[in-house]
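S.K.: Coordinates in query19.cif, mmCIF, C-alpha atoms, are listed below.
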```cif
data_data
loop_
_atom_site.group_PDB
_atom_site.id
_atom_site.type_symbol
_atom_site.label_atom_id
_atom_site.label_comp_id
_atom_site.auth_asym_id
_atom_site.auth_seq_id
_atom_site.Cartn_x
_atom_site.Cartn_y
_atom_site.Cartn_z
ATOM 1 C CA SER A 1 117.378 68.174 44.349
ATOM 2 C CA SER A 2 114.152 66.300 43.693
ATOM 3 C CA LYS A 3 114.907 63.889 46.554
ATOM 4 C CA LEU A 4 114.402 66.821 48.962
ATOM 5 C CA THR A 5 110.879 67.621 47.751
ATOM 6 C CA LYS A 6 109.088 66.013 50.689
ATOM 7 C CA ILE A 7 111.638 67.303 53.185
ATOM 8 C CA THR A 8 111.168 70.896 52.061
ATOM 9 C CA ASP A 9 107.374 70.583 51.921
ATOM 10 C CA GLY A 10 105.981 72.837 54.626
ATOM 11 C CA ALA A 11 109.276 74.654 55.096
ATOM 12 C CA VAL A 12 109.118 78.095 56.713
ATOM 13 C CA THR A 13 110.623 81.181 55.093
ATOM 14 C CA PHE A 14 112.434 83.779 57.217
ATOM 15 C CA ASP A 15 113.278 87.158 55.686
ATOM 16 C CA GLY A 16 116.042 88.145 58.123
ATOM 17 C CA THR A 17 114.201 91.142 59.580
ATOM 18 C CA GLY A 18 112.753 89.674 62.761
ATOM 19 C CA ASP A 19 110.752 86.617 61.674
ATOM 20 C CA ASN A 20 110.805 83.747 64.138
ATOM 21 C CA LEU A 21 108.873 80.880 65.649
ATOM 22 C CA GLU A 22 108.811 80.620 69.436
ATOM 23 C CA ILE A 23 108.017 77.633 71.660
ATOM 24 C CA ALA A 24 107.537 78.294 75.368
ATOM 25 C CA ASP A 25 110.066 77.016 77.873
ATOM 26 C CA ASN A 26 109.497 73.454 78.988
ATOM 27 C CA ALA A 27 111.446 70.891 80.982
ATOM 28 C CA ASP A 28 111.717 68.826 77.803
ATOM 29 C CA PHE A 29 114.091 71.463 76.412
ATOM 30 C CA GLU A 30 116.396 71.489 79.437
ATOM 31 C CA MET A 31 119.223 69.218 78.290
ATOM 32 C CA GLY A 32 121.217 69.074 81.514
ATOM 33 C CA THR A 33 123.856 66.390 80.986
ATOM 34 C CA ASP A 34 121.619 64.245 78.773
ATOM 35 C CA ASP A 35 122.378 63.093 75.266
ATOM 36 C CA PHE A 36 120.413 65.092 72.711
ATOM 37 C CA THR A 37 119.891 65.796 69.026
ATOM 38 C CA ILE A 38 118.971 69.236 67.649
ATOM 39 C CA GLU A 39 118.532 69.280 63.882
ATOM 40 C CA CYS A 40 116.857 70.808 60.860
ATOM 41 C CA PHE A 41 117.127 71.295 57.139
ATOM 42 C CA MET A 42 118.145 74.832 56.232
ATOM 43 C CA TYR A 43 118.561 76.870 53.071
ATOM 44 C CA ASN A 44 120.896 79.708 54.046
ATOM 45 C CA ARG A 45 120.865 82.891 51.946
ATOM 46 C CA GLU A 46 123.191 85.121 53.978
ATOM 47 C CA ASP A 47 126.873 84.765 54.890
ATOM 48 C CA THR A 48 126.742 86.199 58.397
ATOM 49 C CA THR A 49 126.074 85.271 62.035
ATOM 50 C CA GLN A 50 122.499 83.995 62.276
ATOM 51 C CA SER A 51 120.433 82.176 64.889
ATOM 52 C CA VAL A 52 118.684 79.035 63.642
ATOM 53 C CA VAL A 53 117.510 76.968 66.668
ATOM 54 C CA THR A 54 118.257 78.568 70.020
ATOM 55 C CA LYS A 55 117.558 78.802 73.721
ATOM 56 C CA TYR A 56 119.490 82.005 74.209
ATOM 57 C CA GLY A 57 118.899 85.086 76.367
ATOM 58 C CA ASP A 58 120.661 88.349 77.154
ATOM 59 C CA ASN A 59 123.713 87.024 78.986
ATOM 60 C CA VAL A 60 125.629 83.775 79.313
ATOM 61 C CA SER A 61 123.803 82.661 82.456
ATOM 62 C CA ASN A 62 120.511 83.058 80.534
ATOM 63 C CA ARG A 63 121.623 80.856 77.660
ATOM 64 C CA SER A 64 121.445 77.115 77.136
ATOM 65 C CA PHE A 65 122.266 76.369 73.474
ATOM 66 C CA TRP A 66 122.624 78.125 70.140
ATOM 67 C CA LEU A 67 122.683 76.436 66.706
ATOM 68 C CA GLY A 68 123.409 78.849 63.900
ATOM 69 C CA THR A 69 125.636 80.126 61.135
ATOM 70 C CA LEU A 70 128.806 82.201 61.127
ATOM 71 C CA THR A 71 130.592 84.151 58.398
ATOM 72 C CA SER A 72 132.560 82.229 55.753
ATOM 73 C CA GLN A 73 129.690 79.729 55.408
ATOM 74 C CA ARG A 74 130.330 77.990 58.720
ATOM 75 C CA PRO A 75 127.848 76.155 60.959
ATOM 76 C CA SER A 76 128.246 76.644 64.693
ATOM 77 C CA PHE A 77 126.932 75.219 67.955
ATOM 78 C CA TYR A 78 127.326 76.923 71.347
ATOM 79 C CA TRP A 79 126.388 75.563 74.771
ATOM 80 C CA TYR A 80 126.418 77.235 78.167
ATOM 81 C CA ASN A 81 127.209 76.100 81.708
ATOM 82 C CA GLY A 82 126.891 78.729 84.430
ATOM 83 C CA SER A 83 128.817 81.775 83.225
ATOM 84 C CA ASN A 84 130.890 79.732 80.765
ATOM 85 C CA SER A 85 130.317 79.281 77.046
ATOM 86 C CA TYR A 86 131.714 76.625 74.739
ATOM 87 C CA ASN A 87 131.436 76.136 71.000
ATOM 88 C CA ILE A 88 132.313 74.022 67.991
ATOM 89 C CA ASP A 89 132.421 75.487 64.483
ATOM 90 C CA GLY A 90 132.663 73.939 61.043
ATOM 91 C CA ALA A 91 135.421 75.057 58.686
ATOM 92 C CA ALA A 92 134.867 77.728 56.048
ATOM 93 C CA GLY A 93 132.587 76.559 53.262
ATOM 94 C CA THR A 94 131.066 73.612 55.122
ATOM 95 C CA LEU A 95 127.586 75.222 55.054
ATOM 96 C CA PRO A 96 127.173 76.509 51.471
ATOM 97 C CA LEU A 97 124.831 79.370 50.620
ATOM 98 C CA ASN A 98 121.695 78.871 48.524
ATOM 99 C CA LYS A 99 121.626 75.122 49.033
ATOM 100 C CA TRP A 100 119.592 72.813 51.255
ATOM 101 C CA SER A 101 121.699 71.308 54.052
ATOM 102 C CA HIS A 102 120.856 68.926 56.889
ATOM 103 C CA VAL A 103 122.475 70.314 60.054
ATOM 104 C CA VAL A 104 122.708 68.448 63.359
ATOM 105 C CA ALA A 105 124.119 69.256 66.796
ATOM 106 C CA GLN A 106 124.269 66.125 68.919
ATOM 107 C CA ARG A 107 125.644 64.863 72.213
ATOM 108 C CA THR A 108 126.420 61.172 72.529
ATOM 109 C CA SER A 109 127.981 59.713 75.679
ATOM 110 C CA GLY A 110 129.216 63.113 76.781
ATOM 111 C CA ASP A 111 130.728 64.151 73.436
ATOM 112 C CA ILE A 112 129.242 66.859 71.201
ATOM 113 C CA TYR A 113 129.252 66.663 67.403
ATOM 114 C CA LEU A 114 128.217 69.014 64.607
ATOM 115 C CA PHE A 115 127.156 67.418 61.317
ATOM 116 C CA VAL A 116 126.366 68.836 57.884
ATOM 117 C CA ASP A 117 124.759 66.412 55.444
ATOM 118 C CA GLY A 118 125.861 63.444 57.526
ATOM 119 C CA LYS A 119 129.524 64.441 57.855
ATOM 120 C CA VAL A 120 131.152 65.431 61.136
ATOM 121 C CA VAL A 121 132.396 69.002 60.603
ATOM 122 C CA ALA A 122 133.340 69.718 64.237
ATOM 123 C CA SER A 123 133.354 67.961 67.604
ATOM 124 C CA ASN A 124 134.322 68.304 71.248
ATOM 125 C CA THR A 125 135.148 65.085 73.071
ATOM 126 C CA GLY A 126 136.623 66.731 76.161
ATOM 127 C CA ALA A 127 135.187 67.383 79.609
ATOM 128 C CA ASN A 128 133.444 70.602 78.561
ATOM 129 C CA ALA A 129 131.121 68.719 76.224
ATOM 130 C CA ALA A 130 129.723 66.695 79.119
ATOM 131 C CA LYS A 131 128.865 69.712 81.281
ATOM 132 C CA SER A 132 125.279 70.418 82.215
ATOM 133 C CA PHE A 133 123.527 73.002 80.058
ATOM 134 C CA ASN A 134 121.988 75.928 81.913
ATOM 135 C CA ASP A 135 118.402 75.356 83.039
ATOM 136 C CA LEU A 136 116.522 78.562 82.305
ATOM 137 C CA SER A 137 113.164 80.029 81.346
ATOM 138 C CA GLU A 138 114.037 81.280 77.850
ATOM 139 C CA PRO A 139 111.870 79.872 75.037
ATOM 140 C CA VAL A 140 113.147 77.822 72.147
ATOM 141 C CA VAL A 141 113.295 80.163 69.164
ATOM 142 C CA ILE A 142 113.562 79.094 65.511
ATOM 143 C CA GLY A 143 114.968 81.637 63.069
ATOM 144 C CA SER A 144 116.276 84.009 65.761
ATOM 145 C CA ASP A 145 116.943 84.123 69.531
ATOM 146 C CA SER A 146 115.723 85.883 72.679
ATOM 147 C CA TYR A 147 118.485 88.465 72.961
ATOM 148 C CA SER A 148 116.755 91.783 73.656
ATOM 149 C CA GLY A 149 119.596 94.178 72.910
ATOM 150 C CA GLY A 150 118.886 94.522 69.202
ATOM 151 C CA ASN A 151 121.453 91.934 68.186
ATOM 152 C CA ASP A 152 119.263 88.860 67.864
ATOM 153 C CA SER A 153 120.886 87.665 64.612
ATOM 154 C CA PRO A 154 117.730 86.760 62.644
ATOM 155 C CA PHE A 155 118.009 84.085 59.967
ATOM 156 C CA GLU A 156 117.497 84.826 56.278
ATOM 157 C CA GLY A 157 116.516 81.699 54.414
ATOM 158 C CA ILE A 158 114.272 78.671 54.777
ATOM 159 C CA ILE A 159 114.016 76.080 57.566
ATOM 160 C CA SER A 160 112.178 72.762 57.629
ATOM 161 C CA ASN A 161 111.927 69.642 59.785
ATOM 162 C CA VAL A 162 113.128 71.057 63.072
ATOM 163 C CA ARG A 163 113.489 68.204 65.541
ATOM 164 C CA ILE A 164 114.705 68.228 69.142
ATOM 165 C CA VAL A 165 115.353 64.873 70.789
ATOM 166 C CA LYS A 166 116.319 64.737 74.482
ATOM 167 C CA GLY A 167 117.928 61.589 75.805
ATOM 168 C CA THR A 168 119.230 60.184 72.535
ATOM 169 C CA GLY A 169 122.005 60.967 70.098
ATOM 170 C CA VAL A 170 120.122 59.857 67.005
ATOM 171 C CA TYR A 171 122.967 59.549 64.511
ATOM 172 C CA SER A 172 126.208 57.596 64.284
ATOM 173 C CA THR A 173 129.121 59.730 65.425
ATOM 174 C CA LEU A 174 131.148 58.300 62.542
ATOM 175 C CA GLY A 175 128.812 59.943 60.026
ATOM 176 C CA PHE A 176 125.621 58.886 58.278
ATOM 177 C CA THR A 177 123.611 59.181 55.089
ATOM 178 C CA PRO A 178 121.432 62.299 55.501
ATOM 179 C CA PRO A 179 117.658 61.752 55.506
ATOM 180 C CA THR A 180 115.768 61.994 52.224
ATOM 181 C CA THR A 181 112.296 61.806 53.767
ATOM 182 C CA PRO A 182 110.643 63.967 56.437
ATOM 183 C CA LEU A 183 111.902 63.485 59.972
ATOM 184 C CA THR A 184 109.645 61.419 62.227
ATOM 185 C CA ASN A 185 108.665 61.099 65.858
ATOM 186 C CA VAL A 186 111.520 58.854 66.963
ATOM 187 C CA THR A 187 111.975 57.811 70.590
ATOM 188 C CA ASN A 188 112.486 60.806 72.903
ATOM 189 C CA THR A 189 111.367 63.405 70.333
ATOM 190 C CA LYS A 190 110.310 66.565 72.184
ATOM 191 C CA LEU A 191 109.716 68.905 69.233
ATOM 192 C CA LEU A 192 108.966 68.209 65.571
ATOM 193 C CA CYS A 193 107.756 71.114 63.457
ATOM 194 C CA CYS A 194 108.091 73.059 60.187
ATOM 195 C CA GLN A 195 106.721 70.174 58.122
ATOM 196 C CA LEU A 196 103.216 71.220 57.101
ATOM 197 C CA ASN A 197 102.141 73.219 54.045
ATOM 198 C CA THR A 198 99.037 74.499 55.797
ATOM 199 C CA SER A 199 100.494 76.093 58.927
ATOM 200 C CA ALA A 200 103.724 77.329 60.462
ATOM 201 C CA THR A 201 102.186 77.069 63.925
ATOM 202 C CA GLU A 202 101.254 73.389 63.886
ATOM 203 C CA ALA A 203 103.686 70.833 65.250
ATOM 204 C CA ALA A 204 103.651 67.056 65.009
ATOM 205 C CA VAL A 205 105.223 66.861 68.461
ATOM 206 C CA ILE A 206 105.480 69.570 71.106
ATOM 207 C CA PRO A 207 105.801 69.360 74.911
ATOM 208 C CA THR A 208 102.916 69.732 77.296
ATOM 209 C CA ASN A 209 103.563 69.036 80.960
ATOM 210 C CA GLY A 210 106.666 67.150 79.915
ATOM 211 C CA THR A 211 104.911 64.816 77.473
ATOM 212 C CA GLY A 212 104.862 65.204 73.697
ATOM 213 C CA TYR A 213 101.561 65.051 71.874
ATOM 214 C CA THR A 214 100.396 65.439 68.283
ATOM 215 C CA GLY A 215 98.243 67.821 66.318
ATOM 216 C CA ASN A 216 98.820 71.016 68.311
ATOM 217 C CA THR A 217 97.810 73.949 66.092
ATOM 218 C CA SER A 218 98.520 76.808 68.462
ATOM 219 C CA ALA A 219 101.581 75.873 70.473
ATOM 220 C CA ILE A 220 104.038 77.855 68.367
ATOM 221 C CA THR A 221 104.030 81.649 68.292
ATOM 222 C CA VAL A 222 104.686 83.407 64.972
ATOM 223 C CA THR A 223 106.412 86.694 65.700
ATOM 224 C CA SER A 224 106.182 88.259 62.242
ATOM 225 C CA ALA A 225 103.386 88.394 59.687
ATOM 226 C CA ASN A 226 106.029 88.209 56.971
ATOM 227 C CA LEU A 227 106.696 84.584 57.785
ATOM 228 C CA ASN A 228 105.204 82.080 55.367
ATOM 229 C CA ALA A 229 104.667 78.323 55.345
ATOM 230 C CA GLY A 230 103.974 76.279 52.255
ATOM 231 C CA SER A 231 105.241 74.152 49.418
ATOM 232 C CA ASP A 232 106.114 77.277 47.413
ATOM 233 C CA THR A 233 109.479 77.187 49.139
ATOM 234 C CA ASN A 234 110.338 74.089 47.118
ATOM 235 C CA THR A 235 110.995 76.280 44.095
ATOM 236 C CA VAL A 236 114.237 77.829 45.398
#
```
How would this structure read if it were set down as structure tokens?
M.R.:
Amino acid sequence: SSKLTKITDGAVTFDGTGDNLEIADNADFEMGTDDFTIECFMYNREDTTQSVVTKYGDNVSNRSFWLGTLTSQRPSFYWYNGSNSYNIDGAAGTLPLNKWSHVVAQRTSGDIYLFVDGKVVASNTGANAAKSFNDLSEPVVIGSDSYSGGNDSPFEGIISNVRIVKGTGVYSTLGFTPPTTPLTNVTNTKLLCCQLNTSATEAAVIPTNGTGYTGNTSAITVTSANLNAGSDTNTV
């Protein structure tokens, strides 16, 4: 859609064979019991389990959150407390292949919601949603995760406008009109990246000593040389 042109500008392409972006662990990514918003635009090319935005290590106690895709074109969000894992999944077909979708995992007042294009596709309003996420040293990884056992579920597709907000559930839990312009540095934004045609490693906002700042050109690690950034991804 032409209305997505600016949103997909600077999107990052992942080929599903190990590409990822990695941001070092920081207190700004430790959600605890806070409200939060984790979101991006994604263009999914593969109907399988894939990691999109994660803080996810080798075992449950080394995991905090996992936003990704499952088979049957389903979005999914997992969170972890101690040795326990919890998840909410969208129904089959709620995350179509070969189409740009705005995907959001959000906690508001102790309830967790999963949105696709502004619609609530899954939620947990019970006690488990309010539990504190594990505080751990794993990095935030975009397009994969930190699992070292050869099952890191790399993403095949395109991702843009990754934003992590800690302390605020940005969107109405009743649903909302999805953005048609690039995401911005709203209050409590801790990470904002995958927006620039010139670099996959530059972020508009990224933590340093617990405080976001702008214009960092080296804060994100590119794991694979096959990863590309640029407006060419608009042509899909």
S.K.: Return as a VMD selection string the set of residues that the PyMOL selection byres ((chain A and resi 105-112) around 10) yields on the displayed structure.
M.R.: chain A and resid 31 33 to 40 65 to 67 75 to 79 87 to 88 103 to 104 113 to 116 120 122 to 132 164 to 173
S.K.: For Gly18 (chain A), which residue among A:Met42, A:Lys99, A:Val52, A:Asp152 is the nearest when counting all atoms listed in the file?
M.R.: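 Of A:Met42, A:Lys99, A:Val52, A:Asp152, the one nearest Gly18 (chain A) is A:Asp152, counting all atoms listed in the file.
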S.K.: For the atom pair CA of Thr69 (chain A) and CA of Ser83 (chain A), what is the interatomic distance in Å to one decimal place?
M.R.: 22.4 Å
S.K.: Could you state which residues are captured by the PyMOL selection byres ((chain A and resi 117) around 10) in this file, as a PDB file with C-alpha atoms, keeping the file's coordinate frame?
M.R.:
```pdb
ATOM      1  CA  PHE A  41     117.127  71.295  57.139  1.00  0.00           C
ATOM      2  CA  THR A  94     131.066  73.612  55.122  1.00  0.00           C
ATOM      3  CA  LEU A  95     127.586  75.222  55.054  1.00  0.00           C
ATOM      4  CA  TRP A 100     119.592  72.813  51.255  1.00  0.00           C
ATOM      5  CA  SER A 101     121.699  71.308  54.052  1.00  0.00           C
ATOM      6  CA  HIS A 102     120.856  68.926  56.889  1.00  0.00           C
ATOM      7  CA  VAL A 103     122.475  70.314  60.054  1.00  0.00           C
ATOM      8  CA  VAL A 104     122.708  68.448  63.359  1.00  0.00           C
ATOM      9  CA  PHE A 115     127.156  67.418  61.317  1.00  0.00           C
ATOM     10  CA  VAL A 116     126.366  68.836  57.884  1.00  0.00           C
ATOM     11  CA  GLY A 118     125.861  63.444  57.526  1.00  0.00           C
ATOM     12  CA  LYS A 119     129.524  64.441  57.855  1.00  0.00           C
ATOM     13  CA  VAL A 120     131.152  65.431  61.136  1.00  0.00           C
ATOM     14  CA  VAL A 121     132.396  69.002  60.603  1.00  0.00           C
ATOM     15  CA  GLY A 175     128.812  59.943  60.026  1.00  0.00           C
ATOM     16  CA  PHE A 176     125.621  58.886  58.278  1.00  0.00           C
ATOM     17  CA  THR A 177     123.611  59.181  55.089  1.00  0.00           C
ATOM     18  CA  PRO A 178     121.432  62.299  55.501  1.00  0.00           C
ATOM     19  CA  PRO A 179     117.658  61.752  55.506  1.00  0.00           C
TER      20      PRO A 179
END
```
S.K.: Spell out the residues picked by the PyMOL selection byres ((chain A and resi 51) around 12) here, as a VMD selection string.
M.R.: chain A and resid 14 16 18 to 21 42 44 46 48 to 50 52 to 57 65 to 70 75 to 78 140 to 147 151 to 157 159
S.K.: Could you tell me how far CA of Arg63 (chain A) lies from CA of Tyr80 (chain A), in Å and to one decimal?
M.R.: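 Computed distance, CA of Arg63 (chain A) to CA of Tyr80 (chain A), equals 6.0 Å.
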S.K.: Between CA of Cys194 (chain A) and CA of Phe29 (chain A), what distance in Å does the model show, to one decimal?
M.R.: 17.4 Å
S.K.: Would you mind telling me which residue in A:Ala91, A:Ala11, A:Leu136, A:Ala200 lies nearest to Ser61 (chain A) when using all atoms listed in the file?
M.R.: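 Ranked by minimum distance to Ser61 (chain A), first place goes to A:Leu136.
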S.K.: Could you check which of A:Ala92, A:Ala24, A:Leu97, A:Ala204 is closest to Val186 (chain A), using only C-alpha atoms?
M.R.: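 Nearest to Val186 (chain A): A:Ala204.
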S.K.: Assuming 3 Å of padding per side, give the centre and edge lengths of the axis-aligned box around every listed atom of region 25-31 of chain A, in Å to one decimal and as JSON.
M.R.:
```
{"center_x": 114.4, "center_y": 72.9, "center_z": 78.7, "size_x": 15.7, "size_y": 14.2, "size_z": 10.6}
```
